[in-house]
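See structure below.
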Amino acid sequence: MMAFPEEVVQAIKKHLPGFYAFLKSEEGKRWLEEREQRAKEFSGMLSKEALKKFTEADFMKIMEKLWANELWSNKQYPVERIFSSTKIEELRERLSDLLWSDKPFAQRYNEFMRNVKGMGPAQLTEILAFVNPAEYGIWNRRSRDALKILGFERIIPVNKYYISGDEYEHVNSY
């Protein structure tokens with residue numbers, strides 16, 4: 001893990017009391033419970049063993065729960081977009097490779113993004129974060145806005161939506 005610049009440390013210290021207060025609120029408790037439930041569900045459905053039998057219905061269940069897909073009233077649309085160019089067998093293989101392969105992470109991430117059309121970094125990183133929250137963060141508009149507030153724009157590409165595996169790995173090193 002890389003050290004934060006001092007100005008980032010100060011910004012984090014400034015915002016922590018508000019975050020702790022949020023976590024103690026009813027809304028914060030629901031939010032945390034929802035995160036924990038999704039992490040448990042996603043890590044179970046996307047375990048090395050479970051992926052061997054992973055179905056289109058399983059993928060639909062995951063995609064329906066992603067915050068990245070909240071704006072879609074038709075939750076099937078993002079799934080159909082992905083399956084228009086990727087068969088479930090390939091998706092299963094790509095997810096298994098991304099999550100469980102010994103290849104360098106940046107390579108796995110780039111291969112997934114290159115080969116699974118229709119899935120953006122907000123969706124993919126949310127899945128990664130729920131499967132392994134200790135290693136991966138969510139890369140979406142809200143997280144990038146928060147990183148800007150905390151002063152990270154000098155050290156990570158907070159203005160980019162599409163980031164490479166190397167860039168995402170760098171972001172997660174903090």
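Residue numbering restarts at 1 in every chain; chains get A, B, ... in the order shown in the structure tokens, and ligands count up from 1 in that same order.
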
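Neighbouring residues of A:Glu167 at 12 Å or closer, counting only C-alpha atoms and skipping chain neighbours under 6 positions away, are A:Phe105, A:Ala106, A:Gln107, A:Tyr109, A:Asn110, A:Pro121, A:Trp139, A:Ile155, A:Ile156, A:Pro157, A:Val158, A:Lys160, A:Tyr161, A:Ser173, A:Tyr174.
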
For those residues, write N, CA and C atoms to a file as a compact mmCIF listing (two decimals), in the first residue's frame.
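Output saved as part_22.txt:
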# COMPACT_ATOMS: atom_id res chain seq x y z
N PHE A 105 -2.64 -9.01 -12.40
CA PHE A 105 -3.99 -8.46 -12.37
C PHE A 105 -4.26 -7.50 -13.52
N ALA A 106 -3.35 -6.59 -13.79
CA ALA A 106 -3.58 -5.60 -14.86
C ALA A 106 -3.87 -6.30 -16.19
N GLN A 107 -3.16 -7.37 -16.46
CA GLN A 107 -3.39 -8.14 -17.68
C GLN A 107 -4.78 -8.77 -17.68
N TYR A 109 -7.46 -7.78 -16.04
CA TYR A 109 -8.45 -6.70 -16.15
C TYR A 109 -8.55 -6.24 -17.61
N ASN A 110 -7.41 -5.97 -18.23
CA ASN A 110 -7.40 -5.50 -19.62
C ASN A 110 -8.01 -6.53 -20.57
N PRO A 121 -16.29 0.02 -16.70
CA PRO A 121 -15.50 -0.08 -15.47
C PRO A 121 -16.34 0.08 -14.20
N TRP A 139 -14.80 2.00 -9.12
CA TRP A 139 -14.40 3.10 -9.98
C TRP A 139 -15.63 3.59 -10.73
N ILE A 155 -2.48 12.37 -8.07
CA ILE A 155 -1.78 11.08 -8.03
C ILE A 155 -2.50 9.93 -8.74
N ILE A 156 -3.78 10.08 -9.01
CA ILE A 156 -4.50 9.06 -9.78
C ILE A 156 -5.40 9.74 -10.80
N PRO A 157 -5.78 9.03 -11.86
CA PRO A 157 -6.53 9.65 -12.97
C PRO A 157 -8.03 9.82 -12.67
N VAL A 158 -8.38 10.65 -11.71
CA VAL A 158 -9.77 10.77 -11.27
C VAL A 158 -10.72 11.32 -12.33
N LYS A 160 -10.78 10.26 -15.47
CA LYS A 160 -10.97 9.25 -16.51
C LYS A 160 -12.06 8.26 -16.12
N TYR A 161 -12.94 7.96 -17.07
CA TYR A 161 -13.94 6.91 -16.84
C TYR A 161 -13.33 5.55 -17.15
N SER A 173 -3.67 0.63 -5.06
CA SER A 173 -2.47 0.56 -4.23
C SER A 173 -2.53 1.57 -3.08
N TYR A 174 -3.49 2.48 -3.10
CA TYR A 174 -3.60 3.48 -2.03
C TYR A 174 -4.53 3.03 -0.93

Exercise for the section: Skip A:Asn140 itself and residues of its chain fewer than 2 positions away, then list as a list of chain:residue names all residues within 9 Å of it, counting only C-alpha atoms. Expected result: A:Ala68, A:Pro121, A:Ala122, A:Gln123, A:Thr125, A:Glu126, A:Ile138, A:Arg142, A:Ser143, A:Arg144, A:Asp145, A:Tyr161

Problem - Residue nearest A:Lys87 - candidates A:Arg141, A:Lys24, A:His170, A:Lys117, atoms counted: only C-alpha atoms - result: A:Lys117

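Going from atom CA of A:Lys53 over to atom CA of A:Ile88, you cover 10.3 Å.
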
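Across A:Met45, A:Leu32, A:Ala11, A:Met119, the tightest approach to A:Ile82 is made by A:Met119 when counting only C-alpha atoms.
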